[in-house]
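> Structure file entry.txt (compact mmCIF, C-alpha atoms and all ligand atoms) is given on the next line.
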# COMPACT_ATOMS: atom_id res chain seq x y z
CA MET A 1 14.85 55.09 23.71
CA PRO A 2 16.18 55.17 20.15
CA ASP A 3 15.36 58.34 18.21
CA LEU A 4 13.82 58.48 14.76
CA ALA A 5 17.18 58.47 12.94
CA ASP A 6 18.29 55.38 14.88
CA ARG A 7 15.00 53.60 14.25
CA ALA A 8 15.08 54.41 10.52
CA LEU A 9 18.66 53.17 10.22
CA GLY A 10 17.71 50.10 12.26
CA ALA A 11 14.94 49.37 9.75
CA TYR A 12 17.15 49.63 6.65
CA LEU A 13 20.19 47.84 8.15
CA GLY A 14 17.89 45.23 9.70
CA PHE A 15 16.38 44.72 6.24
CA ALA A 16 19.82 44.15 4.66
CA ILE A 17 20.85 41.82 7.50
CA GLY A 18 17.73 39.69 6.98
CA ASP A 19 18.38 39.55 3.23
CA ALA A 20 22.04 38.49 3.66
CA LEU A 21 21.25 35.98 6.43
CA GLY A 22 18.15 34.48 4.84
CA ALA A 23 19.60 34.12 1.32
CA THR A 24 21.74 31.20 2.50
CA VAL A 25 18.63 29.11 3.14
CA GLU A 26 16.31 30.51 0.47
CA PHE A 27 14.09 27.80 -1.06
CA MET A 28 15.10 25.23 1.57
CA ARG A 29 12.62 23.35 3.74
CA PRO A 30 13.00 23.76 7.53
CA ARG A 31 13.97 20.08 7.80
CA GLU A 32 16.77 20.54 5.23
CA ILE A 33 18.06 23.57 7.14
CA VAL A 34 18.24 21.53 10.35
CA GLN A 35 20.15 18.76 8.59
CA LEU A 36 22.68 21.17 7.10
CA TYR A 37 23.08 23.85 9.78
CA GLY A 38 21.25 22.77 12.92
CA VAL A 39 20.03 26.34 13.52
CA HIS A 40 21.09 28.77 10.80
CA ARG A 41 22.28 31.92 12.60
CA ASP A 42 25.39 33.25 10.84
CA ILE A 43 25.84 35.39 7.72
CA ILE A 44 27.95 33.01 5.65
CA GLY A 45 26.75 33.53 2.05
CA GLY A 46 26.35 30.50 -0.24
CA GLY A 47 22.82 29.27 -0.88
CA TRP A 48 21.40 28.66 -4.34
CA LEU A 49 22.77 32.04 -5.52
CA LYS A 50 26.30 31.13 -4.32
CA LEU A 51 26.68 34.47 -2.56
CA ALA A 52 29.76 35.86 -0.87
CA ALA A 53 29.39 36.18 2.91
CA GLY A 54 27.58 39.44 3.62
CA GLN A 55 26.28 39.85 0.07
CA VAL A 56 22.65 40.96 -0.30
CA THR A 57 20.18 40.07 -3.06
CA ASP A 58 17.46 41.75 -5.12
CA ASP A 59 15.48 42.68 -2.01
CA THR A 60 18.10 45.19 -0.91
CA THR A 61 19.48 46.26 -4.29
CA MET A 62 16.02 46.95 -5.70
CA SER A 63 15.13 48.98 -2.59
CA LEU A 64 18.31 51.00 -3.08
CA ALA A 65 17.32 51.59 -6.73
CA LEU A 66 13.93 52.92 -5.59
CA GLY A 67 15.58 55.10 -2.95
CA GLU A 68 17.98 56.57 -5.50
CA ALA A 69 15.12 57.50 -7.82
CA LEU A 70 13.28 59.21 -4.94
CA LEU A 71 16.38 61.18 -3.95
CA GLN A 72 17.11 62.15 -7.53
CA GLY A 73 13.58 63.54 -7.97
CA GLY A 74 13.67 65.22 -4.58
CA ASN A 75 10.87 67.26 -3.09
CA ALA A 76 9.75 68.71 -6.43
CA ALA A 77 9.05 65.25 -7.88
CA LEU A 78 7.13 64.17 -4.75
CA GLN A 79 5.05 67.34 -4.82
CA GLY A 80 4.45 66.71 -8.53
CA LEU A 81 3.23 63.18 -7.83
CA MET A 82 0.70 64.59 -5.36
CA GLN A 83 -0.60 66.90 -8.10
CA GLY A 84 -1.07 64.06 -10.58
CA ASP A 85 2.25 64.32 -12.44
CA ASP A 86 3.64 60.85 -13.20
CA ALA A 87 7.25 61.94 -13.84
CA LEU A 88 8.43 60.44 -10.53
CA VAL A 89 6.78 57.09 -11.27
CA ARG A 90 8.51 57.07 -14.68
CA SER A 91 11.86 57.77 -13.11
CA ILE A 92 11.23 54.88 -10.67
CA GLY A 93 10.42 52.66 -13.66
CA ASP A 94 13.63 53.84 -15.32
CA ALA A 95 15.59 53.07 -12.13
CA TYR A 96 14.10 49.54 -12.03
CA GLY A 97 15.05 49.19 -15.71
CA ARG A 98 18.66 50.21 -15.04
CA TRP A 99 18.69 47.85 -12.07
CA LEU A 100 17.47 44.93 -14.24
CA LYS A 101 20.05 45.71 -16.94
CA SER A 102 22.81 45.74 -14.31
CA LYS A 103 22.31 41.95 -14.11
CA PRO A 104 21.31 41.70 -10.44
CA VAL A 105 22.13 38.45 -8.69
CA ASP A 106 18.41 37.59 -8.64
CA CYS A 107 15.10 38.93 -9.95
CA GLY A 108 11.63 37.52 -9.35
CA ASN A 109 9.49 36.64 -12.37
CA THR A 110 6.73 39.16 -11.69
CA CYS A 111 9.24 41.97 -11.14
CA ARG A 112 11.06 41.06 -14.35
CA ARG A 113 7.84 40.90 -16.37
CA GLY A 114 6.62 44.24 -15.02
CA ILE A 115 9.89 46.05 -15.60
CA GLN A 116 10.14 44.66 -19.13
CA ARG A 117 6.57 45.77 -19.82
CA TYR A 118 7.39 49.29 -18.58
CA LEU A 119 10.54 49.43 -20.72
CA ARG A 120 8.68 48.16 -23.78
CA GLU A 121 5.38 50.06 -23.51
CA GLY A 122 5.98 52.81 -20.97
CA THR A 123 2.82 51.80 -19.08
CA LEU A 124 2.87 52.45 -15.34
CA GLN A 125 0.86 49.34 -14.47
CA GLY A 126 -0.41 46.19 -16.11
CA PRO A 127 -4.00 44.91 -15.89
CA TYR A 128 -5.10 43.00 -12.77
CA ASN A 129 -3.37 39.65 -12.85
CA PRO A 130 -4.25 36.79 -10.46
CA GLY A 131 -0.61 35.69 -10.78
CA ASP A 132 0.70 38.98 -9.36
CA GLY A 133 0.24 37.92 -5.73
CA GLY A 134 3.99 37.63 -5.08
CA ASN A 135 5.88 39.68 -2.50
CA GLY A 136 8.11 41.68 -4.90
CA ALA A 137 6.32 45.03 -4.60
CA LEU A 138 6.02 44.75 -0.83
CA MET A 139 9.65 43.73 -0.44
CA ARG A 140 11.13 46.97 -1.85
CA ASN A 141 8.83 49.62 -0.35
CA LEU A 142 10.98 50.70 2.62
CA PRO A 143 12.43 53.85 0.92
CA THR A 144 8.88 55.02 0.19
CA VAL A 145 8.01 54.86 3.88
CA LEU A 146 11.10 56.85 4.88
CA ALA A 147 10.63 59.52 2.19
CA THR A 148 6.94 60.09 3.04
CA LEU A 149 7.09 59.75 6.79
CA HIS A 150 5.29 63.05 7.37
CA SER A 151 2.57 62.68 4.76
CA GLU A 152 -0.03 59.89 4.89
CA SER A 153 -1.42 60.71 1.47
CA ALA A 154 2.03 60.75 -0.16
CA PHE A 155 2.88 57.46 1.56
CA GLU A 156 -0.22 55.78 0.13
CA ARG A 157 0.07 57.26 -3.33
CA LEU A 158 3.79 56.55 -3.76
CA SER A 159 3.50 53.04 -2.28
CA MET A 160 0.81 52.11 -4.78
CA ALA A 161 2.58 53.76 -7.72
CA GLN A 162 5.90 51.98 -7.18
CA ALA A 163 4.12 48.69 -6.41
CA ARG A 164 1.88 48.72 -9.49
CA LEU A 165 4.83 49.13 -11.82
CA THR A 166 5.25 45.37 -11.42
CA HIS A 167 2.40 43.90 -9.34
CA HIS A 168 -1.36 44.39 -9.82
CA HIS A 169 -3.11 42.28 -7.21
CA PRO A 170 -5.26 43.29 -4.21
CA PHE A 171 -3.23 41.19 -1.73
CA SER A 172 0.03 42.77 -2.94
CA ASP A 173 -1.57 46.21 -2.59
CA SER A 174 -2.91 45.64 0.93
CA ALA A 175 0.31 43.98 2.12
CA THR A 176 2.44 46.84 0.77
CA LEU A 177 0.25 49.42 2.50
CA GLY A 178 -0.23 47.37 5.67
CA LEU A 179 3.42 46.66 6.43
CA GLY A 180 4.18 50.24 5.38
CA TRP A 181 1.72 51.54 7.97
CA LEU A 182 3.21 49.24 10.59
CA LEU A 183 6.71 50.49 9.76
CA ARG A 184 5.52 54.11 10.10
CA THR A 185 4.04 53.22 13.49
CA LEU A 186 7.27 51.58 14.68
CA LEU A 187 9.43 54.46 13.43
CA ARG A 188 7.32 56.77 15.59
CA GLY A 189 8.33 54.77 18.66
CA ALA A 190 5.86 51.90 19.08
CA ASP A 191 7.14 49.11 21.34
CA HIS A 192 6.45 45.37 21.22
CA SER A 193 3.02 45.52 22.86
CA VAL A 194 1.85 48.43 20.67
CA CYS A 195 3.11 46.47 17.67
CA GLN A 196 1.02 43.46 18.77
CA LEU A 197 -2.10 45.60 19.23
CA TRP A 198 -1.63 47.34 15.88
CA THR A 199 -1.21 44.01 14.13
CA GLU A 200 -4.37 42.55 15.75
CA LYS A 201 -6.38 45.51 14.55
CA TRP A 202 -4.97 45.37 11.02
CA ILE A 203 -5.59 41.62 10.77
CA ALA A 204 -9.23 42.14 11.83
CA GLU A 205 -9.61 44.37 8.76
CA ASN A 206 -7.48 42.17 6.47
CA GLU A 207 -8.54 38.62 7.35
CA VAL A 208 -6.62 36.94 4.53
CA PHE A 209 -3.38 37.69 6.38
CA ARG A 210 -4.52 36.15 9.70
CA PHE A 211 -1.54 34.22 11.04
CA THR A 212 -3.02 32.38 14.03
CA PRO A 213 -2.79 29.45 13.99
CA TYR A 214 0.46 29.84 12.08
CA ARG A 215 0.48 27.64 8.95
CA GLU A 216 4.29 27.53 8.75
CA ARG A 217 4.38 28.65 5.16
CA ALA A 218 7.01 31.18 4.13
CA THR A 219 6.76 31.23 0.35
CA ALA A 220 6.98 34.28 -1.91
CA TYR A 221 3.16 34.35 -2.12
CA VAL A 222 2.51 37.63 -0.36
CA VAL A 223 -0.03 36.11 2.06
CA ASP A 224 2.48 33.48 3.24
CA THR A 225 5.21 36.12 3.50
CA VAL A 226 3.14 38.53 5.60
CA GLN A 227 1.85 35.76 7.87
CA THR A 228 5.39 34.54 8.55
CA VAL A 229 6.77 38.02 9.22
CA LEU A 230 3.92 39.09 11.51
CA HIS A 231 3.89 35.75 13.34
CA PHE A 232 7.55 36.00 14.36
CA LEU A 233 7.52 39.79 14.84
CA THR A 234 4.68 39.60 17.36
CA LEU A 235 5.95 36.38 18.98
CA HIS A 236 9.45 37.68 19.86
CA ALA A 237 10.35 41.12 21.18
CA ASP A 238 14.08 40.55 20.60
CA PHE A 239 15.54 41.27 17.13
CA GLU A 240 17.92 38.32 16.99
CA THR A 241 15.42 35.76 18.30
CA ALA A 242 12.74 36.89 15.84
CA MET A 243 15.22 36.92 12.94
CA VAL A 244 16.65 33.45 13.59
CA ALA A 245 13.14 31.98 13.94
CA THR A 246 12.05 33.64 10.68
CA VAL A 247 14.89 32.60 8.38
CA ASN A 248 14.89 29.03 9.76
CA GLN A 249 11.39 28.74 8.34
CA GLY A 250 13.22 28.61 4.98
CA ASP A 251 11.52 29.05 1.60
CA ASP A 252 11.60 32.77 0.67
CA ALA A 253 13.89 33.29 3.66
CA ASP A 254 15.80 36.29 2.29
CA THR A 255 12.56 38.23 1.81
CA THR A 256 10.84 37.15 5.03
CA GLY A 257 14.15 37.84 6.81
CA ALA A 258 14.47 41.27 5.18
CA LEU A 259 10.91 42.32 6.07
CA LEU A 260 11.20 40.97 9.61
CA GLY A 261 14.52 42.80 9.92
CA MET A 262 12.95 46.02 8.67
CA LEU A 263 10.15 45.95 11.26
CA ALA A 264 12.11 44.52 14.19
CA GLY A 265 15.02 46.85 13.34
CA ALA A 266 12.70 49.87 13.47
CA ARG A 267 11.42 48.63 16.82
CA CYS A 268 14.86 48.33 18.45
CA GLY A 269 16.92 50.90 16.50
CA ALA A 270 20.29 50.47 14.75
CA SER A 271 22.18 50.80 18.03
CA GLN A 272 20.61 47.52 19.25
CA LEU A 273 21.25 45.42 16.13
CA PRO A 274 23.57 42.43 16.71
CA ARG A 275 27.11 43.65 16.05
CA ARG A 276 28.30 40.33 14.54
CA TRP A 277 25.64 40.61 11.81
CA LEU A 278 26.26 44.29 11.12
CA ASP A 279 29.99 43.65 10.79
CA ARG A 280 29.32 40.87 8.30
CA LEU A 281 27.39 43.02 5.80
CA GLN A 282 29.49 44.06 2.81
CA PRO A 283 30.90 47.55 3.57
CA ALA A 284 29.54 49.06 0.33
CA THR A 285 26.01 47.88 1.20
CA ARG A 286 26.24 49.15 4.75
CA GLN A 287 27.45 52.53 3.49
CA ALA A 288 24.79 52.83 0.77
CA VAL A 289 22.03 51.92 3.23
CA THR A 290 23.31 54.36 5.85
CA GLU A 291 23.68 57.28 3.43
CA GLN A 292 20.30 56.63 1.84
CA THR A 293 18.54 56.49 5.22
CA VAL A 294 19.87 59.93 6.19
CA ALA A 295 19.01 61.44 2.80
CA LEU A 296 15.50 59.96 2.70
CA LEU A 297 14.72 61.27 6.19
CA ASP A 298 15.94 64.71 5.08
CA LEU A 299 13.63 64.48 2.07
CA SER A 300 10.70 63.49 4.32
CA HIS A 301 11.05 66.68 6.36
CA ALA A 302 10.64 68.79 3.23
CA LEU A 303 7.37 67.09 2.33
CA ALA A 304 4.85 68.25 4.87
CA VAL A 305 1.61 68.03 2.91
CA PRO A 306 -1.12 66.16 4.86
MG MG B 1 16.18 38.03 -2.85
MG MG B 2 13.52 35.96 -1.96
Is it possible to give me this structure as structure tokens?
Ligand code: MG
Ligand code: MG


Amino acid sequence: MPDLADRALGAYLGFAIGDALGATVEFMRPREIVQLYGVHRDIIGGGWLKLAAGQVTDDTTMSLALGEALLQGGNAALQGLMQGDDALVRSIGDAYGRWLKSKPVDCGNTCRRGIQRYLREGTLQGPYNPGDGGNGALMRNLPTVLATLHSESAFERLSMAQARLTHHHPFSDSATLGLGWLLRTLLRGADHSVCQLWTEKWIAENEVFRFTPYRERATAYVVDTVQTVLHFLTLHADFETAMVATVNQGDDADTTGALLGMLAGARCGASQLPRRWLDRLQPATRQAVTEQTVALLDLSHALAVP
């Protein structure tokens, strides 16, 4: 049985693997993937972003930016957030701003608009926007889950605060919380069958995300993203099988791959991740992810409010 540290590292490395693997076929239709690759199963870079092999995209780099802001603020900033101080949320907004100015290889429209609004006006969320139903807030929430592992209330508050900096939509909110709860459950040691039961229960309360029968849509609309991830996560117990099936669905394949990798990686632990994929990640990414995982878990132990 993997321990918590192995599961947490499995989640973050699995996330980066899915990003690097899926980016090659992002925005492609499944039929086009078959024509070009047969089954796409190797981290080879390329794609519309013309990536180097093993390079990750905004999904991973924006998560790392969030994680850095959480570590910089430390326990004092998290405690402050729980007492109504918004300093931590501002420093997350600042971190997203620095990230955007660093000219990342990719940035979704809703993320860009939200970060620019924060930089311009200093507001921590925009008004409800029916166009904010993309997966950008959900995609980067992994560091929140690690940092708040021992506090449900801090998990919920921080998830919503970082999400609303760019996305104000009920489906984005419930997806960010829902997959966050599932990740917490898996990090605590849930296996494949527990994962299936948990998902059934959550879907009963969040019907919009129901994924049976699977509609085979994997776009960046958060409903499509969640349906794709949960469909393949609950269908396949094995990390590699679930990952290959997910990214070969194409469309927002880096993000569906990253989120599938996060959940399936937490389920199996870092020690069970396919070696050929791990070895293909760029060393700097692998190191940043590994160091951040350890530091965020350390931070989570300090925060023991309910
Ligand atoms: Mg991306
Ligand atoms: Mg994407």

> Pick out the residues sitting within 10 Å of A:Gly250, and hand them over as an MDAnalysis selection string; count only C-alpha atoms, and ignore anything fewer than 6 positions along from it in its own chain.

chainID A and resid 22:33 40 216:219 256:257

> Which polymer residues have any atom within 8 Å of an atom of A:Phe15, counting only C-alpha atoms, with same-chain residues fewer than 4 positions away left out, as a list in words?

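Neighbouring residues, sequence-local ones excluded: Ala11, Asp19, Thr60, Gly257, Ala258, Leu259, Leu260, Gly261, Met262 and Gly265 of chain A.
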
> Do you have, as a Markdown table, the list of residues of chain A lying at most 6 Å from ligand MG 2 (chain B), each with its nearest atom pair and that distance in Å to one decimal, counting only C-alpha atoms and all ligand atoms and ordered by chain then number?


| residue | atom | partner | partner_atom | distance |
| --- | --- | --- | --- | --- |
| A:Asp252 | CA | B:MG2 | MG | 4.6 |
| A:Asp254 | CA | B:MG2 | MG | 4.8 |
| A:Thr255 | CA | B:MG2 | MG | 4.5 |

> Please report the interatomic distance between atom CA of A:Gly67 and atom CA of A:Gly93 in Å with one decimal.

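Interatomic distance here is 12.1 Å.
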
> For a test of reading the model, state the distance in Å between atom CA of A:Gln249 and atom CA of A:Thr57, rounded to one decimal.

18.3 Å

> I'd like the interatomic distance between atom CA of A:Asp6 and atom CA of A:Gly269, to a tenth of an Å.

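Atom CA of A:Gly269 lies at a distance of 5.0 Å from atom CA of A:Asp6.
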
> Which polymer residues have any atom within 9 Å of an atom of stretch 146-163 of chain A, counting all atoms listed in the file, with same-chain residues fewer than 6 positions away left out, as a PyMOL selection string?

chain A and resi 8+66-67+70-71+78-79+81-82+89+92-93+124-125+136-138+140+172-173+176-177+180-181+184+187+293+295-306
